[in-house]
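**Q** Sharing my_file18.cif here; it has mmCIF, C-alpha atoms.
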data_upload
loop_
_atom_site.label_atom_id
_atom_site.label_comp_id
_atom_site.auth_asym_id
_atom_site.auth_seq_id
_atom_site.Cartn_x
_atom_site.Cartn_y
_atom_site.Cartn_z
CA MET A 1 29.66 -0.17 72.88
CA THR A 2 32.39 -2.62 71.79
CA GLU A 3 34.28 -2.30 68.55
CA PRO A 4 36.17 -5.33 67.17
CA ASP A 5 39.46 -3.43 67.48
CA ASP A 6 38.89 -3.02 71.23
CA VAL A 7 39.10 -6.75 71.70
CA PRO A 8 42.64 -8.10 71.76
CA GLU A 9 43.52 -10.45 68.89
CA THR A 10 44.56 -13.06 71.44
CA ASP A 11 40.91 -13.33 72.47
CA ALA A 12 39.73 -14.18 68.96
CA VAL A 13 39.27 -17.94 69.21
CA ILE A 14 38.82 -18.44 65.46
CA PRO A 15 41.57 -17.43 63.03
CA ARG A 16 40.55 -15.06 60.21
CA ALA A 17 41.56 -17.61 57.55
CA ALA A 18 38.90 -20.06 58.76
CA PHE A 19 36.16 -17.98 57.13
CA THR A 20 36.29 -18.78 53.43
CA ARG A 21 32.80 -17.71 52.33
CA ARG A 22 32.75 -14.32 50.66
CA PRO A 23 29.94 -11.72 50.91
CA GLU A 24 28.72 -12.60 47.40
CA HIS A 25 28.12 -16.18 48.57
CA TYR A 26 25.80 -14.82 51.26
CA LEU A 27 24.01 -12.58 48.78
CA LEU A 28 23.49 -15.47 46.35
CA ALA A 29 22.25 -17.72 49.16
CA ALA A 30 19.79 -15.04 50.29
CA LEU A 31 18.62 -14.47 46.71
CA ALA A 32 18.06 -18.20 46.21
CA TYR A 33 16.17 -18.34 49.52
CA PHE A 34 14.00 -15.46 48.36
CA VAL A 35 13.21 -17.24 45.07
CA ILE A 36 12.41 -20.50 46.90
CA ALA A 37 10.13 -18.63 49.31
CA LEU A 38 8.23 -17.01 46.47
CA ALA A 39 8.14 -20.07 44.19
CA THR A 40 6.92 -22.48 46.84
CA LYS A 41 4.67 -19.83 48.41
CA THR A 42 5.92 -20.94 51.79
CA LEU A 43 8.05 -18.85 54.05
CA LEU A 44 10.30 -21.01 56.12
CA THR A 45 10.41 -20.53 59.86
CA TRP A 46 13.57 -19.03 61.36
CA THR A 47 14.87 -22.44 62.38
CA MET A 48 14.42 -23.78 58.85
CA ALA A 49 15.97 -20.62 57.45
CA LEU A 50 19.07 -21.07 59.60
CA LEU A 51 19.24 -24.72 58.55
CA TYR A 52 19.03 -23.62 54.91
CA PHE A 53 21.87 -21.10 55.28
CA VAL A 54 24.06 -23.62 57.10
CA LEU A 55 23.43 -26.23 54.41
CA VAL A 56 24.07 -23.86 51.53
CA LEU A 57 27.03 -21.97 52.99
CA ASP A 58 28.79 -24.69 54.95
CA VAL A 59 27.68 -28.29 54.50
CA ALA A 60 27.10 -28.35 50.72
CA PRO A 61 30.45 -26.66 49.79
CA ARG A 62 32.30 -29.05 52.11
CA VAL A 63 30.58 -32.09 50.58
CA VAL A 64 31.30 -30.83 47.05
CA SER A 65 34.97 -30.19 47.82
CA ARG A 66 35.31 -33.65 49.37
CA ILE A 67 33.74 -35.30 46.32
CA ARG A 68 35.97 -33.22 44.08
CA ALA A 69 39.05 -34.19 46.09
CA ALA A 70 38.04 -37.85 45.96
CA LEU A 71 37.56 -37.68 42.18
CA VAL A 72 40.90 -35.94 41.72
CA SER A 73 42.71 -38.50 43.85
CA ARG A 74 41.01 -41.36 42.02
CA GLY A 75 41.95 -39.74 38.71
CA GLY A 76 45.53 -39.48 39.97
CA GLU A 77 45.58 -43.13 40.95
CA THR A 78 44.15 -44.14 37.57
CA GLY A 79 46.75 -42.00 35.84
CA ARG A 80 49.52 -43.84 37.62
CA MET B 1 3.43 -8.78 66.88
CA SER B 2 6.41 -8.01 64.70
CA TRP B 3 7.45 -10.19 61.82
CA ALA B 4 11.07 -9.22 61.14
CA ALA B 5 11.89 -6.42 63.60
CA HIS B 6 12.69 -9.01 66.27
CA GLU B 7 15.48 -10.39 64.06
CA PHE B 8 17.00 -6.99 63.26
CA GLU B 9 16.82 -5.73 66.85
CA ASN B 10 19.17 -8.52 67.94
CA TYR B 11 22.08 -7.02 65.98
CA PHE B 12 21.33 -3.53 67.22
CA ILE B 13 21.25 -4.73 70.83
CA GLN B 14 24.44 -6.73 70.27
CA LYS B 15 26.16 -3.62 68.93
CA HIS B 16 25.33 -1.69 72.10
CA LEU B 17 25.97 -4.44 74.64
CA GLY B 18 29.11 -5.77 72.95
CA VAL B 19 30.96 -8.23 75.17
CA LYS B 20 28.48 -7.85 78.03
CA ALA B 21 25.82 -10.10 76.46
CA SER B 22 25.79 -13.34 74.49
CA PHE B 23 24.30 -12.95 71.00
CA LEU B 24 22.76 -16.42 71.18
CA ALA B 25 21.12 -15.51 74.49
CA ILE B 26 19.72 -12.29 73.02
CA CYS B 27 18.20 -14.31 70.15
CA ILE B 28 16.69 -16.91 72.50
CA GLY B 29 15.34 -14.13 74.72
CA THR B 30 13.76 -12.46 71.70
CA TYR B 31 12.11 -15.69 70.60
CA ILE B 32 10.88 -16.86 74.02
CA PRO B 33 7.47 -15.08 73.97
CA ASP B 34 6.37 -16.27 70.52
CA SER B 35 8.08 -19.66 70.43
CA ILE B 36 5.83 -20.81 73.25
CA THR B 37 2.65 -19.31 71.86
CA LYS B 38 2.64 -18.52 68.14
CA HIS B 39 1.46 -21.86 66.73
CA LEU B 40 -1.32 -22.03 69.35
CA VAL B 41 -2.56 -18.52 68.59
CA TYR B 42 -3.56 -19.12 64.97
CA GLU B 43 -5.38 -22.31 65.91
CA HIS B 44 -7.39 -20.69 68.69
CA PRO B 45 -11.04 -20.95 67.68
CA LEU B 46 -12.57 -18.12 69.70
CA ASP B 47 -10.46 -15.11 70.62
CA ALA B 48 -6.90 -15.39 69.34
CA ALA B 49 -5.88 -11.93 70.58
CA HIS B 50 -7.13 -12.47 74.12
CA PHE B 51 -5.49 -15.89 74.25
CA HIS B 52 -2.20 -14.48 72.90
CA ARG B 53 -1.96 -11.30 74.95
CA GLY B 54 -4.60 -11.44 77.68
CA TRP B 55 -5.35 -13.02 81.03
CA PRO B 56 -6.60 -15.69 81.47
CA GLY B 57 -4.57 -16.92 78.52
CA ILE B 58 -0.88 -16.99 77.66
CA GLY B 59 -0.43 -13.22 77.67
CA PHE B 60 2.07 -13.56 80.52
CA THR B 61 4.62 -14.75 77.94
CA HIS B 62 4.74 -11.13 76.77
CA SER B 63 5.52 -9.64 80.17
CA LEU B 64 8.68 -8.12 81.65
CA MET B 65 8.34 -10.52 84.59
CA LEU B 66 8.82 -13.63 82.42
CA GLY B 67 12.11 -12.28 81.06
CA PHE B 68 13.26 -11.51 84.60
CA VAL B 69 12.33 -14.95 85.96
CA ILE B 70 14.03 -16.82 83.10
CA ALA B 71 17.13 -14.58 83.28
CA VAL B 72 17.46 -15.19 87.04
CA ALA B 73 17.02 -18.94 86.51
CA VAL B 74 19.71 -18.88 83.81
CA LEU B 75 22.00 -16.83 86.06
CA ALA B 76 21.53 -19.34 88.91
CA CYS B 77 22.04 -22.41 86.72
CA THR B 78 24.80 -21.31 84.33
CA LYS B 79 26.53 -18.62 86.44
CA SER B 80 26.91 -16.70 83.19
CA ARG B 81 26.27 -12.96 83.29
CA SER B 82 26.38 -12.66 79.51
CA TRP B 83 23.63 -15.28 79.11
CA ALA B 84 21.40 -13.87 81.84
CA LEU B 85 21.74 -10.33 80.50
CA GLY B 86 21.18 -11.51 76.90
CA ILE B 87 17.98 -13.38 77.81
CA LEU B 88 16.67 -10.43 79.84
CA ILE B 89 17.37 -7.76 77.22
CA GLY B 90 16.14 -9.96 74.34
CA GLU B 91 12.82 -10.79 76.03
CA TRP B 92 12.27 -7.22 77.14
CA ALA B 93 12.99 -5.93 73.63
CA HIS B 94 10.30 -8.26 72.29
CA VAL B 95 7.78 -7.05 74.89
CA VAL B 96 8.53 -3.38 74.18
CA THR B 97 8.22 -3.90 70.41
CA ASP B 98 4.88 -5.69 70.76
CA THR B 99 3.35 -2.73 72.58
CA SER B 100 3.05 -1.24 69.09
CA ASP B 101 0.12 -3.36 67.91
CA SER B 102 -3.54 -2.86 68.84
CA ALA B 103 -3.70 -5.77 71.29
CA GLY B 104 -0.63 -4.63 73.25
CA VAL B 105 1.09 -6.60 76.00
CA MET B 106 0.57 -7.16 79.71
CA ALA B 107 3.98 -5.64 80.39
CA PHE B 108 3.53 -5.37 84.17
CA PHE B 109 1.91 -8.75 84.75
CA PRO B 110 1.11 -10.02 87.43
CA PHE B 111 0.78 -6.59 89.08
CA SER B 112 -1.46 -5.38 86.27
CA THR B 113 -3.37 -7.38 83.66
CA ASP B 114 -4.04 -4.26 81.56
CA ASN B 115 -2.40 -4.12 78.17
CA VAL B 116 0.09 -1.46 77.18
CA THR B 117 -0.39 -0.40 73.57
CA ILE B 118 0.37 2.56 71.34
CA ASN B 119 -1.92 1.11 68.62
CA MET B 120 0.52 1.73 65.78
CA TRP B 121 -0.77 -1.17 63.69
CA LYS B 122 -3.53 -3.75 64.03
CA HIS B 123 -3.12 -7.10 65.76
CA THR B 124 -4.86 -9.46 63.33
CA ALA B 125 -4.04 -12.96 64.55
CA SER B 126 -7.72 -13.88 64.17
CA GLN B 127 -7.20 -13.68 60.37
CA GLY B 128 -4.91 -16.72 60.42
CA ARG B 129 -1.23 -16.69 59.51
CA GLY B 130 -1.62 -15.52 55.91
CA GLY B 131 -4.15 -12.81 56.72
CA ASP B 132 -2.09 -11.67 59.70
CA GLY B 133 1.09 -11.38 57.61
CA ALA B 134 -0.72 -9.55 54.81
CA ALA B 135 -2.29 -7.08 57.26
CA TYR B 136 1.02 -6.51 59.05
CA TYR B 137 2.78 -5.66 55.79
CA SER B 138 -0.11 -3.43 54.73
CA GLY B 139 0.12 -1.12 57.74
CA LEU B 140 2.92 0.52 59.69
CA GLY B 141 4.21 -2.91 60.78
CA GLY B 142 6.09 -3.33 57.51
CA ILE B 143 7.50 0.19 57.85
CA TRP B 144 8.60 -0.66 61.40
CA ASP B 145 10.50 -3.73 60.11
CA PHE B 146 12.11 -1.64 57.39
CA PHE B 147 13.08 0.99 59.98
CA TRP B 148 14.95 -1.65 62.01
CA PHE B 149 16.54 -3.03 58.86
CA LEU B 150 17.91 0.46 58.12
CA MET B 151 19.00 0.89 61.74
CA VAL B 152 21.16 -2.23 61.43
CA ILE B 153 22.50 -1.23 58.01
CA PHE B 154 23.40 2.34 59.02
CA PHE B 155 24.22 2.07 62.72
CA ALA B 156 25.11 -1.54 63.42
CA ARG B 157 26.46 -2.94 60.15
CA ASP B 158 29.82 -3.63 61.83
CA THR B 159 28.09 -6.43 63.74
CA LEU B 160 27.64 -8.29 60.45
CA ARG B 161 31.36 -8.27 59.64
CA VAL B 162 33.60 -11.32 60.08
CA GLU B 163 35.93 -9.36 62.36
CA TYR B 164 33.11 -8.52 64.75
CA PHE B 165 31.96 -12.12 64.84
CA ARG B 166 35.39 -13.59 65.59
CA ARG B 167 36.61 -10.90 67.96
CA VAL B 168 33.44 -9.99 69.89
CA VAL B 169 30.57 -12.46 69.40
CA VAL B 170 32.46 -15.76 69.72
CA PRO B 171 34.89 -14.73 72.51
CA THR B 172 31.94 -13.45 74.57
CA ASP B 173 30.37 -16.89 74.44
CA PRO B 174 33.06 -19.43 73.46
CA VAL B 175 31.43 -22.40 75.20
CA ALA B 176 28.10 -22.15 73.36
CA TRP B 177 29.68 -21.56 69.93
CA SER B 178 32.12 -24.46 70.33
CA PHE B 179 29.22 -26.64 71.53
CA LEU B 180 27.30 -25.79 68.34
CA LYS B 181 30.37 -26.48 66.24
CA ARG B 182 30.99 -29.87 67.86
CA ARG B 183 27.40 -31.08 68.08
CA LEU B 184 26.28 -29.99 64.62
CA TYR B 185 29.58 -30.90 62.92
CA LEU B 186 29.91 -27.38 61.55
CA SER B 187 32.95 -25.53 60.28
CA ASP B 188 33.59 -21.91 61.23
CA ASN B 189 31.76 -20.92 58.04
CA GLY B 190 28.68 -22.69 59.43
CA LEU B 191 28.86 -20.72 62.67
CA LEU B 192 29.06 -17.48 60.73
CA ALA B 193 26.14 -18.62 58.55
CA ILE B 194 24.03 -19.10 61.69
CA TYR B 195 25.06 -15.68 62.98
CA ARG B 196 24.36 -13.82 59.74
CA GLY B 197 21.49 -16.10 58.71
CA LEU B 198 19.08 -14.50 61.14
CA PHE B 199 19.60 -11.11 59.51
CA LEU B 200 19.22 -12.54 56.01
CA TYR B 201 16.09 -14.40 57.10
CA GLY B 202 14.58 -11.18 58.46
CA ALA B 203 15.40 -9.27 55.27
CA VAL B 204 14.02 -11.94 52.95
CA ARG B 205 10.95 -12.44 55.11
CA MET B 206 10.18 -8.73 55.08
CA VAL B 207 10.38 -8.43 51.28
CA ALA B 208 8.61 -11.73 50.57
CA TRP B 209 5.65 -11.01 52.86
CA PHE B 210 5.34 -7.51 51.47
CA LEU B 211 5.17 -8.93 47.93
CA TYR B 212 2.71 -11.59 49.12
CA ALA B 213 0.41 -8.87 50.46
CA ARG B 214 0.66 -6.76 47.30
CA PHE B 215 0.58 -9.36 44.52
CA GLN B 216 -0.79 -12.60 45.98
CA VAL B 217 -3.71 -11.60 48.19
CA LYS B 218 -3.77 -8.06 46.73
CA VAL B 219 -4.79 -6.15 49.85
CA PRO B 220 -4.41 -2.34 49.88
CA TRP B 221 -1.27 -0.75 51.34
CA GLN B 222 -2.46 1.60 54.11
CA PRO B 223 0.55 2.68 56.17
CA VAL B 224 -1.33 4.98 58.53
CA TRP B 225 -1.40 5.02 62.33
CA GLY B 226 -3.71 2.24 63.52
CA GLY B 227 -3.94 0.74 60.02
CA PRO B 228 -4.51 -1.06 57.81
CA LYS B 229 -8.13 0.05 57.62
CA TYR B 230 -9.42 -2.77 55.39
CA VAL B 231 -9.29 -5.30 58.23
CA LYS B 232 -10.79 -5.38 61.71
CA GLY B 233 -8.09 -5.37 64.38
CA ASN B 234 -8.09 -7.13 67.73
CA HIS B 235 -8.36 -4.92 70.81
CA LEU B 236 -8.41 -6.00 74.43
CA ASP B 237 -10.82 -3.64 76.10
CA HIS B 238 -10.15 -2.96 79.77
CA GLY B 239 -12.29 0.15 80.27
CA THR B 240 -11.72 3.89 80.04
CA TRP B 241 -8.23 5.14 79.18
CA TYR B 242 -7.74 6.95 82.49
CA ALA B 243 -8.67 3.90 84.54
CA VAL B 244 -6.29 1.73 82.46
CA THR B 245 -3.51 4.33 82.73
CA GLY B 246 -3.92 4.50 86.51
CA ARG B 247 -3.78 0.74 86.92
CA LEU B 248 -0.78 0.51 84.57
CA PHE B 249 1.03 3.16 86.60
CA LEU B 250 0.42 1.20 89.81
CA GLY B 251 1.46 -2.04 88.09
CA ALA B 252 4.69 -0.48 86.83
CA ALA B 253 5.50 0.90 90.30
CA ALA B 254 4.78 -2.47 91.94
CA LEU B 255 6.94 -4.29 89.38
CA ALA B 256 9.80 -1.84 89.93
CA VAL B 257 9.63 -2.34 93.71
CA PHE B 258 9.47 -6.13 93.24
CA LEU B 259 12.53 -6.16 90.96
CA TYR B 260 14.45 -3.94 93.38
CA LEU B 261 13.62 -6.19 96.33
CA CYS B 262 14.64 -9.29 94.35
CA TRP B 263 17.94 -7.58 93.46
CA ILE B 264 18.67 -6.78 97.10
CA LEU B 265 17.55 -10.13 98.48
CA PHE B 266 19.18 -12.64 96.13
CA VAL B 267 19.82 -11.55 92.53
CA ARG B 268 22.78 -9.35 93.49
CA ARG B 269 24.44 -12.33 95.19
CA LEU B 270 23.82 -14.51 92.14
CA TRP B 271 25.26 -11.76 89.93
CA GLN B 272 28.40 -11.41 92.04
CA ARG B 273 28.84 -15.18 92.14
CA ALA B 274 28.59 -15.41 88.34
CA ALA B 275 31.67 -14.92 86.25
CA PRO B 276 31.93 -12.10 83.71
CA SER B 277 32.74 -13.20 80.17
CA PRO B 278 36.45 -13.88 79.49
CA THR B 279 36.56 -11.08 76.93
CA SER B 280 35.19 -8.44 79.28
CA VAL B 281 37.88 -9.48 81.81
CA ALA B 282 40.54 -9.10 79.10
CA LEU B 283 39.14 -5.69 78.14
CA ALA B 284 39.09 -4.56 81.77
CA ALA B 285 42.70 -5.69 82.17
CA GLN B 286 43.65 -3.90 78.96
CA ALA B 287 41.98 -0.68 80.17
CA ALA B 288 43.76 -0.90 83.53
#
Turn the structure described in the file into C-alpha cells.

**A**
Amino acid sequence: MTEPDDVPETDAVIPRAAFTRRPEHYLLAALAYFVIALATKTLLTWTMALLYFVLVLDVAPRVVSRIRAALVSRGGETGR
Amino acid sequence: MSWAAHEFENYFIQKHLGVKASFLAICIGTYIPDSITKHLVYEHPLDAAHFHRGWPGIGFTHSLMLGFVIAVAVLACTKSRSWALGILIGEWAHVVTDTSDSAGVMAFFPFSTDNVTINMWKHTASQGRGGDGAAYYSGLGGIWDFFWFLMVIFFARDTLRVEYFRRVVVPTDPVAWSFLKRRLYLSDNGLLAIYRGLFLYGAVRMVAWFLYARFQVKVPWQPVWGGPKYVKGNHLDHGTWYAVTGRLFLGAAALAVFLYLCWILFVRRLWQRAAPSPTSVALAAQAA
C-alpha cells in the first residue's frame, strides 16, 4: 500500500500549484452531468463522460479565461 | 455484468497496488472484456447470454486467460511492469466481479468451458440495454455498486486527492500521462479530470440508473439473492452442480499449472528484463 507521503516530492512531476480546480468545481460538474443524464434520458458512455469532465473542468475554463484576457487587453488598448 | 462497480474497483485496486501498477492500465484491463463485446451482446437476436459468456461465443473475453495473454503481450512490447500488472489485475477483477450474475463467466477457459457463478443477481442482457439496467438496479447488483462506492469513500478516498494523483499516480506512469497531455492538449487540470472523472461517472451512473428503474420504467425493487424476481434471468446450463464443480476444479488446476509453466519458461525472463517504475525504484532507494 502506497501513501502519497511515502513518495518523495522530487518524484512528483506536476507541481501542486498546477491544479487550480477546487472540489466544489467537481461536485458542480457531476451535478450538471447528473441533470443532463436525467433530462436527456441518455446515460453517456464512460468515454463520453470523461470527455464531458475534461471539457467542463479544463477546456471550457481555459477558453473562457483566454476570451476574458483578450477582452481585457482590448479594453486596455482602447483605453489608451 | 456490473454497471458501476468496475469503475469503483479501479480506485480500490490502485490504493492497494500503489506504485506497482499504472492506474490507466488498471482501467484498460477492467474495460477489456466488455469493450470488445457489450455493443454486440444487446444486438444478438437469439441467446445474448450464451453469446456474451458462453462457448462457442465471445465468453472467452471474460476469462483469466485473456488477461494473462494481454498482460504478457504488453510486458513483451512495452517492457513496463506497471502496465502489465495493471492490465492483469484490472481484467481479473472484472472477471471475478462478473461471477456474481446468473450467467457467470468461463473463468478457466480454455481448460473448462463451464461457467463460474454465485448467482447473486440475474444476467438480463436479453432484455436490451434499458431492461438490463433496470433489472440490475432492482436486484443486488445496485447494492453491489453501492458497496464498492462506500469501499472507495471509506477505505480508498485518499486515491481521489490531488496529492495522491501527483505523487503516486502520475510518477508511476509519467510517459502515458505526458502523452495524454501532449496529444489531447490538456492542462494538468484536464489530467486530474480524467483521473477523477471515472469515479464521478460511476457515481452518477449508479444513481441515475437507479432512478430510471424506480421512476421511469417503474419496476419493483427486489434486492434479494438471485433477484430481481419480476424478470427471467439468463442461465447457462452445463448439467448437475457436482459435475460442473468437478470440471471447474480440473480447469482451475490446469490453468494454474499452465500459468506456472509459462512463468518458468518465458514470463519470468520478460519480467526481469522489464524495468520497474521510476517511483518504485526511488522508494526502494529511500527504504535502503

**Q** Of the candidates A:Tyr26, A:Phe19, A:Trp46, A:Tyr33, which shows the shortest atom-to-atom distance to Tyr31 in chain B, using only C-alpha atoms?

**A**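 Ranked by minimum distance to Tyr31 in chain B, first place goes to A:Trp46.
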
**Q** Just the residues within 9 Å of Val267 in chain B, please, counting all atoms listed in the file, with nothing from its chain fewer than 3 positions along; format it as a PDB file with C-alpha atoms, in the coordinates of the input.

**A**
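The resulting file, part33.pdb, is reproduced below:
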ATOM      1  CA  VAL B  72      17.460 -15.190  87.040  1.00  0.00           C
ATOM      2  CA  LEU B  75      22.000 -16.830  86.060  1.00  0.00           C
ATOM      3  CA  ALA B  76      21.530 -19.340  88.910  1.00  0.00           C
ATOM      4  CA  CYS B 262      14.640  -9.290  94.350  1.00  0.00           C
ATOM      5  CA  TRP B 263      17.940  -7.580  93.460  1.00  0.00           C
ATOM      6  CA  ILE B 264      18.670  -6.780  97.100  1.00  0.00           C
ATOM      7  CA  LEU B 270      23.820 -14.510  92.140  1.00  0.00           C
ATOM      8  CA  TRP B 271      25.260 -11.760  89.930  1.00  0.00           C
ATOM      9  CA  GLN B 272      28.400 -11.410  92.040  1.00  0.00           C
TER      10      GLN B 272
END

**Q** With 10 Å as the cut-off and only C-alpha atoms counted, what is the closest atom pair between each nearby residue of chain B and chain A? Distances in Å to one decimal, ordered by chain and number, as JSON lines.

**A**
{"residue": "B:Glu7", "atom": "CA", "partner": "A:Trp46", "partner_atom": "CA", "distance": 9.3}
{"residue": "B:Ile13", "atom": "CA", "partner": "A:Met1", "partner_atom": "CA", "distance": 9.8}
{"residue": "B:Gln14", "atom": "CA", "partner": "A:Met1", "partner_atom": "CA", "distance": 8.8}
{"residue": "B:Lys15", "atom": "CA", "partner": "A:Met1", "partner_atom": "CA", "distance": 6.3}
{"residue": "B:His16", "atom": "CA", "partner": "A:Met1", "partner_atom": "CA", "distance": 4.7}
{"residue": "B:Leu17", "atom": "CA", "partner": "A:Met1", "partner_atom": "CA", "distance": 5.9}
{"residue": "B:Gly18", "atom": "CA", "partner": "A:Thr2", "partner_atom": "CA", "distance": 4.7}
{"residue": "B:Val19", "atom": "CA", "partner": "A:Thr2", "partner_atom": "CA", "distance": 6.7}
{"residue": "B:Lys20", "atom": "CA", "partner": "A:Thr2", "partner_atom": "CA", "distance": 9.0}
{"residue": "B:Tyr31", "atom": "CA", "partner": "A:Trp46", "partner_atom": "CA", "distance": 9.9}
{"residue": "B:Asp158", "atom": "CA", "partner": "A:Glu3", "partner_atom": "CA", "distance": 8.2}
{"residue": "B:Thr159", "atom": "CA", "partner": "A:Pro4", "partner_atom": "CA", "distance": 8.8}
{"residue": "B:Arg161", "atom": "CA", "partner": "A:Pro4", "partner_atom": "CA", "distance": 9.4}
{"residue": "B:Val162", "atom": "CA", "partner": "A:Phe19", "partner_atom": "CA", "distance": 7.7}
{"residue": "B:Glu163", "atom": "CA", "partner": "A:Pro4", "partner_atom": "CA", "distance": 6.3}
{"residue": "B:Tyr164", "atom": "CA", "partner": "A:Pro4", "partner_atom": "CA", "distance": 5.0}
{"residue": "B:Phe165", "atom": "CA", "partner": "A:Pro4", "partner_atom": "CA", "distance": 8.3}
{"residue": "B:Arg166", "atom": "CA", "partner": "A:Ala12", "partner_atom": "CA", "distance": 5.5}
{"residue": "B:Arg167", "atom": "CA", "partner": "A:Ala12", "partner_atom": "CA", "distance": 4.6}
{"residue": "B:Val168", "atom": "CA", "partner": "A:Pro4", "partner_atom": "CA", "distance": 6.0}
{"residue": "B:Val169", "atom": "CA", "partner": "A:Ala12", "partner_atom": "CA", "distance": 9.3}
{"residue": "B:Val170", "atom": "CA", "partner": "A:Val13", "partner_atom": "CA", "distance": 7.2}
{"residue": "B:Pro171", "atom": "CA", "partner": "A:Ala12", "partner_atom": "CA", "distance": 6.0}
{"residue": "B:Thr172", "atom": "CA", "partner": "A:Asp11", "partner_atom": "CA", "distance": 9.2}
{"residue": "B:Pro174", "atom": "CA", "partner": "A:Val13", "partner_atom": "CA", "distance": 7.7}
{"residue": "B:Ser178", "atom": "CA", "partner": "A:Val13", "partner_atom": "CA", "distance": 9.7}
{"residue": "B:Tyr185", "atom": "CA", "partner": "A:Val59", "partner_atom": "CA", "distance": 9.0}
{"residue": "B:Leu186", "atom": "CA", "partner": "A:Asp58", "partner_atom": "CA", "distance": 7.2}
{"residue": "B:Ser187", "atom": "CA", "partner": "A:Asp58", "partner_atom": "CA", "distance": 6.8}
{"residue": "B:Asp188", "atom": "CA", "partner": "A:Ala18", "partner_atom": "CA", "distance": 6.1}
{"residue": "B:Asn189", "atom": "CA", "partner": "A:Phe19", "partner_atom": "CA", "distance": 5.4}
{"residue": "B:Gly190", "atom": "CA", "partner": "A:Asp58", "partner_atom": "CA", "distance": 4.9}
{"residue": "B:Leu191", "atom": "CA", "partner": "A:Val54", "partner_atom": "CA", "distance": 7.9}
{"residue": "B:Leu192", "atom": "CA", "partner": "A:Phe19", "partner_atom": "CA", "distance": 8.0}
{"residue": "B:Ala193", "atom": "CA", "partner": "A:Val54", "partner_atom": "CA", "distance": 5.6}
{"residue": "B:Ile194", "atom": "CA", "partner": "A:Leu50", "partner_atom": "CA", "distance": 5.7}
{"residue": "B:Tyr195", "atom": "CA", "partner": "A:Leu50", "partner_atom": "CA", "distance": 8.7}
{"residue": "B:Arg196", "atom": "CA", "partner": "A:Tyr26", "partner_atom": "CA", "distance": 8.7}
{"residue": "B:Gly197", "atom": "CA", "partner": "A:Leu50", "partner_atom": "CA", "distance": 5.6}
{"residue": "B:Leu198", "atom": "CA", "partner": "A:Leu50", "partner_atom": "CA", "distance": 6.7}
{"residue": "B:Phe199", "atom": "CA", "partner": "A:Leu50", "partner_atom": "CA", "distance": 10.0}
{"residue": "B:Leu200", "atom": "CA", "partner": "A:Ala30", "partner_atom": "CA", "distance": 6.3}
{"residue": "B:Tyr201", "atom": "CA", "partner": "A:Ala49", "partner_atom": "CA", "distance": 6.2}
{"residue": "B:Gly202", "atom": "CA", "partner": "A:Trp46", "partner_atom": "CA", "distance": 8.4}
{"residue": "B:Ala203", "atom": "CA", "partner": "A:Ala30", "partner_atom": "CA", "distance": 8.8}
{"residue": "B:Val204", "atom": "CA", "partner": "A:Phe34", "partner_atom": "CA", "distance": 5.8}
{"residue": "B:Arg205", "atom": "CA", "partner": "A:Leu43", "partner_atom": "CA", "distance": 7.1}
{"residue": "B:Val207", "atom": "CA", "partner": "A:Phe34", "partner_atom": "CA", "distance": 8.4}
{"residue": "B:Ala208", "atom": "CA", "partner": "A:Leu38", "partner_atom": "CA", "distance": 6.7}
{"residue": "B:Trp209", "atom": "CA", "partner": "A:Leu43", "partner_atom": "CA", "distance": 8.3}
{"residue": "B:Leu211", "atom": "CA", "partner": "A:Leu38", "partner_atom": "CA", "distance": 8.8}
{"residue": "B:Tyr212", "atom": "CA", "partner": "A:Leu38", "partner_atom": "CA", "distance": 8.2}
{"residue": "B:Gln216", "atom": "CA", "partner": "A:Lys41", "partner_atom": "CA", "distance": 9.4}
{"residue": "B:Pro278", "atom": "CA", "partner": "A:Asp11", "partner_atom": "CA", "distance": 8.3}
{"residue": "B:Thr279", "atom": "CA", "partner": "A:Asp11", "partner_atom": "CA", "distance": 6.6}
{"residue": "B:Ser280", "atom": "CA", "partner": "A:Val7", "partner_atom": "CA", "distance": 8.7}
{"residue": "B:Ala282", "atom": "CA", "partner": "A:Pro8", "partner_atom": "CA", "distance": 7.7}
{"residue": "B:Leu283", "atom": "CA", "partner": "A:Val7", "partner_atom": "CA", "distance": 6.5}
{"residue": "B:Gln286", "atom": "CA", "partner": "A:Pro8", "partner_atom": "CA", "distance": 8.4}
{"residue": "B:Ala287", "atom": "CA", "partner": "A:Asp6", "partner_atom": "CA", "distance": 9.7}

**Q** If you measure from CA of Gly141 in chain B to CA of Ala49 in chain B, what distance in Å do you get, rounded to one decimal?

**A** 16.7 Å

**Q** Could you state the separation of CA of His39 in chain B and CA of Asn119 in chain B in Å, given to one decimal place?

**A**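 Computing it gives 23.3 Å between the two atoms.
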
**Q** For CA of Phe23 in chain B and CA of Phe108 in chain B, determine how far apart the two atoms are, in Å to one decimal place.

**A**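 So the answer is 25.7 Å.
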
**Q** Can you find the residues with an atom no farther than 7 Å from (8.7, -3.0, 59.7), counting all atoms listed in the file, and report them as a PyMOL selection string?

**A** chain B and resi 4-5+140-148

**Q** Please identify all polymer residues within 12 Å of Val74 in chain B, counting all atoms listed in the file, omitting same-chain residues fewer than 4 positions from it, and present them as a CSV table (one decimal) with C-alpha atoms, in the frame of the given file.

**A**
chain,number,residue,atom,x,y,z
B,25,ALA,CA,21.1,-15.5,74.5
B,28,ILE,CA,16.7,-16.9,72.5
B,29,GLY,CA,15.3,-14.1,74.7
B,67,GLY,CA,12.1,-12.3,81.1
B,68,PHE,CA,13.3,-11.5,84.6
B,69,VAL,CA,12.3,-15.0,86.0
B,70,ILE,CA,14.0,-16.8,83.1
B,78,THR,CA,24.8,-21.3,84.3
B,79,LYS,CA,26.5,-18.6,86.4
B,80,SER,CA,26.9,-16.7,83.2
B,81,ARG,CA,26.3,-13.0,83.3
B,82,SER,CA,26.4,-12.7,79.5
B,83,TRP,CA,23.6,-15.3,79.1
B,84,ALA,CA,21.4,-13.9,81.8
B,85,LEU,CA,21.7,-10.3,80.5
B,86,GLY,CA,21.2,-11.5,76.9
B,87,ILE,CA,18.0,-13.4,77.8
B,88,LEU,CA,16.7,-10.4,79.8
B,267,VAL,CA,19.8,-11.6,92.5
B,270,LEU,CA,23.8,-14.5,92.1
B,271,TRP,CA,25.3,-11.8,89.9
B,274,ALA,CA,28.6,-15.4,88.3

**Q** Take the PyMOL selection byres ((chain B and resi 38) around 12), apply it to the structure above, and return the hits as a PyMOL selection string.

**A** (chain A and resi 45) or (chain B and resi 1-3+31-37+39-44+48-49+51-53+58-59+61-62+125+128-129+132)
